[in-house]
Structures are given as C-alpha cells and as structure tokens.
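**Student:** Just passing along the structure, written as structure tokens.
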Amino acid sequence: MNLLEINHMKKGFDGLGVIEDISLTVKEGEVVSIIGPSGSGKSTLLRCATMLETMDDGELIYLNEKAAWSEADINGSHSVYASKADLKRIHKHFGLVFQNFNLFPHYSVLKNIIDAPMSVDKVSKKEAIARADKLLKQLGLEDKRDAYPCQLSGGQQQRVSIARALALQPKILFFDEPTSALDPELTGEVLRVIKELAAENMTMIIVTHEMQFAKELSDRIIFMEQGLIQEQGTPEELFSSSNERVNEFIGKF
Amino acid sequence: MDIGKMLTQLGSGMVISIEIFLLTLLFSLPLGLVLSFGRMSKNRIIKSAAKIYISIMRGTPLMLQLMVVYFGPYYIFGLKISAAYRFTAVIIGFALNYAAYFAEIYRSGIESMPVGQYEACKVLGYSKIQTFGKIILPQVVKRILPPITNEVITLVKDTSLAMVIAVSEMFTTAKAIAAAQTTMVPFVVAAIFYYIFNLLVALVMEYIEKKLNYYH
C-alpha cells in the first residue's frame, strides 16, 4: 500500500519557486533518502509533506486519504486542503524528527514522550508510560527518563525526539537532517537508531547529508536540485549513475 | 497622639495599600495577556487599537489616569459619583495602566520563543490552546520573570498615587498624620513599610525564579 503520495507539488516563496514540480510515492516499509545541495528544496519538500508549510499546488495523500488536492482557478490551479477535522486525523499518520530536536525544555524526558499521546490521542497515563519506557529501553535512554533536555548531549536529545515521535505510533516518519546539528561522534548513535528502525520495517523519509548512511540504509535515494527530482533509484543505481551532476555531488562526500 | 494610635491608623492604611497591590495584580496580569494577544493580532484593526491603547497608557501619568477614571463619569456622563467609588476607581485605573506594561512584557516573551517549539507542537498534533497553555506560556513565564519583578516593585510604590483621589491608603494616612501632628515619624514608618514590602516581593520573585531554574 502507498503510505504517501505526492503529485505535482509546487511551492514558492515570494514568487521564487523552491519546489517546481515534484511527485513521489512511498510504499509501506520503504526507506527513502533525499539528498541534494543546499537550497535544492529538500527541506521545503519535507515541510510541505508534513504540512508545516502549505504548498501552492499539487496533491498530498496519506494512506489513500487526501490531505490536499489541486483545483483549477483563473491562473491555472492551486492546492485546496481538507477540513480541519480530516487533517487532524491525517496528521496522526506521520511524525517528524527535526534537525535541532525541538524538545520541550521544561518537560522531563519522560514527559516529553508521554505528553502528546496523553493530550492529543487521549491515551491513558499508564499506557503512555508503558510505551515511553519501551521506547526509552529500545533507544538506550532508560537512565535518562527523569532528566531534562538541557542535561543531555545532542545525540541523546535527538534520540529522545525520535522516541517522542514514535510514541504517537506514526505509520511514516520523516527526518529533516537528523544529524546536521551533531558533531561526528554523536552522529553515529543517532544513525544506529534509525538503522534499527529500518530493520523493524518502519517507513521513513530522510533528508540527509550522510551519503554512506543513505547508501547503506535506503531502498531508494532521491537526488534533488533546483526544486526537481533529478534522479532516483536504488543506492546501487544512483551511485553508478551516468548523470554527471549526481556523480559530482556524490563525489564531494 | 501616642505612637500606638498612630501605628493603628497607619496600619489600616497599609491594609488598603496591600489591597490595591493585590487587586491590581489580579486584574492586570490576565488583562495584560489578553492585550498582548491583541497587540500581536493579525487583524490590523485589533492590532492598532491595542497599540494605541498601550501607547496612551504608557505615555501619560498614572496620576492623571486615576483622576480621569474617578472624575470621568461625572464630567463626561454627568453621573453622580459616590465616595465608595474611589477605591473601585483606583483599582480600575491601576489595572488598566499596569495591563499595558505587562502586555509589552508578555509580548517580548512570546515573540522570543523559538518557532521550532510551535512546529514541534503542530507536528505532534497539539491544538492551539494546548500549544500555548502547555508549551509556550510556561516557558514565557520563566523568560519574563525579571521584567515582571521590576514592574511589581514599581507597583508597590505606585500604590501611594491613590492619594490623588483621596483613598486613604498608607501614604495618604502618613501625610495627614504628619501634617496634623507636625512630626516626621509617619514618613519614617511609611518608608520602612514600603521597603519591607518590596523586600518581600523581591524574595518571593527570587524564590519563583529559583524554582524555575531546573531547566534552561
């Protein structure tokens, strides 16, 4: 089943096109990495897919439910979003892990993880804590349960934010450059967690600069530039591509 | 006049001062928050109205505002004003004035919050009210505590302005006794009262700041 379907997404800021025309389908269990130079539109793609930004035109579909569709107007066409209630339901299908974590500093690690399930999904406190403890164990953070984000290293904070996203049991998890704010030593521990999730068949879309990681982990790699998908395929296909620009970009890393 | 009688009279003034102080905070802190929402509103009319209100409240003397609130109903609407309205007028005047200052403090705190906190809430599915109540406001409170302390300390001393519409708070009483008895003692007592009051305010605020220091 297709968990995510994006059709002809377009997005510009102040008349400047950032995403020109992107279509993308992600199947259940698939791990897709998005690579490309800065300013290529990959973060904007992620922000539009997670509805932090509204796209100008195109279709956005999660699990066959339309979050947005294209409607004709005098200038061509534009996106129309589903009702608030529908979007609220569709929102539950996905989670997002930010580059700079965005943990809630006034909440303990445990509270960061249990608060959304309790106040958004109305999960009982007991159930929320059970979920959190399982995640903390899985991510090697049991001893940080009662710590506050400011007491943790960057890598630990990022793992907590992954746990926070997973606690809502999303079908699909987005990562926006999850290791870019970390020094190389801490990068490894976060990448290891993402690999473990991949092994458990979690569907993931990862914007990253870690080429080796993308190569090892992904079912598919997408190379973006100038707001378009320039090339996509399995890691083998992409790393043996005849596209000069792709080779140049990969070669830099 | 013996010192005991003097202290009794000053004491009832102190109670009035403390009442003005507490009631002003009770009304102006929430009112300031509402006003700061208006100030940050996307609706241009609401935003301008809040901006003008804050500008006038901060740009004119509180003493004058108290007189307008007290005498306004008579001069503008021809209503008969009773002596009992004095105290109410003081509370209205103070609350309206301090709300303007608090609104700007709230605004500075709210606008200093990183956008990532809002985005995290949005992705996790929090409603707007949950986002503000659970995630934003508690962090804003920590950020704005020092400027709030400043305002609260000023408020303690400003309560003496109630004198202009003859509300017998601490300072009004002290001045009356001093004039009648030709003595400095009431002023000394008043000074000690305000000083200790503010010392307590500072201690309480310091305690709250420390309580919130568990994270940064």
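In the structure tokens, chains take the letters A, B, ... in the order shown, each chain's residues start at 1, and ligands count up from 1 in the order shown.
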Write out as a compact mmCIF listing (two decimals) with C-alpha atoms, in the first residue's frame the residues lying within 7 Å of region 6-17 of chain A, counting only C-alpha atoms and excluding same-chain residues fewer than 4 positions away.
**Tutor:**
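result.txt written:
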# COMPACT_ATOMS: atom_id res chain seq x y z
CA ASP A 21 7.12 20.03 -9.69
CA ILE A 22 7.63 17.02 -7.50
CA SER A 23 5.80 13.71 -7.49
CA LEU A 24 6.72 10.99 -5.10
CA THR A 25 5.21 7.76 -3.86
CA MET A 55 2.02 24.03 -0.89
CA ASP A 56 0.90 26.28 -3.71
CA ASP A 57 -0.28 23.49 -5.95
CA GLY A 58 -0.38 19.73 -6.04
CA GLU A 59 -1.84 16.76 -4.26
CA LEU A 60 -0.89 15.27 -0.90
CA ILE A 61 -2.29 11.86 0.01
**Student:** Counting only C-alpha atoms, what is within 7 Å of region 157-174 of chain B, bar same-chain residues fewer than 6 positions away, as a list in words?
**Tutor:** Leu10, Gly13, Met14, Ile16, Ser17, Ile20, Phe21, Met63, Met67, Arg86, Phe87, Val90, Pro186, Phe187, Ala190 and Tyr194 of chain B
**Student:** For each of A:Trp69, A:Phe98, A:Tyr81, A:Phe175, take the minimum atom-to-atom distance to chain B, counting only C-alpha atoms, then give the residue where this is smallest.
**Tutor:**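 Looking at the shortest contact to chain B, the residue is A:Phe98.
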**Student:** Could you write out, as a PyMOL selection string, all the residues of region 69-253 of chain A that DSSP marks as alpha helix (DSSP H)?
**Tutor:** chain A and resi 84-91+109-119+125-138+154-166+184-199+211-217+235-239+244-252
**Student:** Closest to Thr234 (chain A) among A:Ile34, A:Ala68, A:Ile162, A:Ala128, using only C-alpha atoms?
**Tutor:**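 The shortest atom-to-atom distance to Thr234 (chain A) comes from A:Ile34.
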**Student:** Select all residues from chain B having any atom no more than 10 Å from an atom of chain A (counting only C-alpha atoms, ignoring ligands), output as a list in words.
**Tutor:** Pro114, Val115, Gly116, Gln117, Tyr118, Glu119, Ala120, Cys121, Lys122, Val123, Leu124, Gly125, Tyr126, Ser127, Gln130, Lys134, Ile135, Ile136, Pro138, Gln139, Lys142, Leu212, Asn213, Tyr214, Tyr215 and His216 of chain B
**Student:** Would you kindly return, as a list in words, each protein, DNA or RNA residue with an atom no farther than 9 Å from any atom of Leu155 (chain B), considering only C-alpha atoms and excluding same-chain residues fewer than 4 positions away?
**Tutor:**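 In the requested form, the answer reads Phe21, Thr24, Leu25, Phe94, Tyr98, Asn150, Glu151 and Thr159 of chain B.
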**Student:** Rounded to one decimal in Å, what is the spacing between CA of Leu145 (chain B) and CA of Ile208 (chain B)?
**Tutor:**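 If I compute the distance from CA of Leu145 (chain B) to CA of Ile208 (chain B), I get 8.5 Å.
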**Student:** Report the residues of region 37-182 of chain A whose backbone DSSP state falls under strand (DSSP E), written as a ChimeraX atom specification.
**Tutor:** /A:57-62,65-73,76-81,94-97,172-176
**Student:** Excluding Ala199 (chain A) and residues on its chain fewer than 4 positions from it, collect all residues at most 12 Å away from it, counting only C-alpha atoms, and give them as a list in words.
**Tutor:**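 Selected residues are Gly29, Glu30, Val31, Arg192, Val193, Ile194, Lys195, Thr203, Met204, Glu216, Leu217, Ser218 and Asp219 of chain A.
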**Student:** Would you mind reading off the distance between CA of Pro170 (chain A) and CA of Ile113 (chain A), one decimal, in Å?
**Tutor:**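 Value for the CA of Pro170 (chain A)-CA of Ile113 (chain A) distance: 13.6 Å.
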**Student:** Here is a test: counting only C-alpha atoms, which residue of B:Met113, B:Leu26, B:Leu203, B:Val189 is nearest to Gly11 (chain B)?
**Tutor:**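 Among B:Met113, B:Leu26, B:Leu203, B:Val189, it is B:Val189 that comes nearest to Gly11 (chain B).
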**Student:** Nearest to Thr149 (chain B) among B:Ser112, B:Ala191, B:Glu206, B:Gly93, with distances taken over only C-alpha atoms: which residue is it?
**Tutor:** B:Glu206
**Student:** Any idea what's packed within 10 Å of Gly251 (chain A), counting only C-alpha atoms, ignoring anything in its chain fewer than 4 positions away? Could you give it as a list in words?
**Tutor:** Met211, Phe239, Arg245, Val246 and Asn247 of chain A
**Student:** If we count only C-alpha atoms, what is near Ala89 (chain B) at a cut-off of 7 Å, once residues fewer than 6 positions away on the same chain are taken out, given as a tab-separated table (two decimals) with N, CA, C and O atoms, in the first residue's frame?
**Tutor:**
chain	number	residue	atom	x	y	z
B	66	LEU	N	-5.79	58.10	36.94
B	66	LEU	CA	-6.65	57.84	38.09
B	66	LEU	C	-7.73	58.91	38.20
B	66	LEU	O	-8.90	58.61	38.47
B	69	VAL	N	-10.37	58.34	35.53
B	69	VAL	CA	-11.26	57.22	35.86
B	69	VAL	C	-12.25	57.63	36.96
B	69	VAL	O	-13.43	57.30	36.92
B	70	TYR	N	-11.75	58.41	37.92
B	70	TYR	CA	-12.62	58.78	39.04
B	70	TYR	C	-13.60	59.89	38.66
B	70	TYR	O	-14.81	59.77	38.90
**Student:** Counting only C-alpha atoms, which residue out of A:Ser241, A:Asn2, A:Ser124, A:Thr179 sits closest to Tyr62 (chain A)?
**Tutor:** A:Asn2
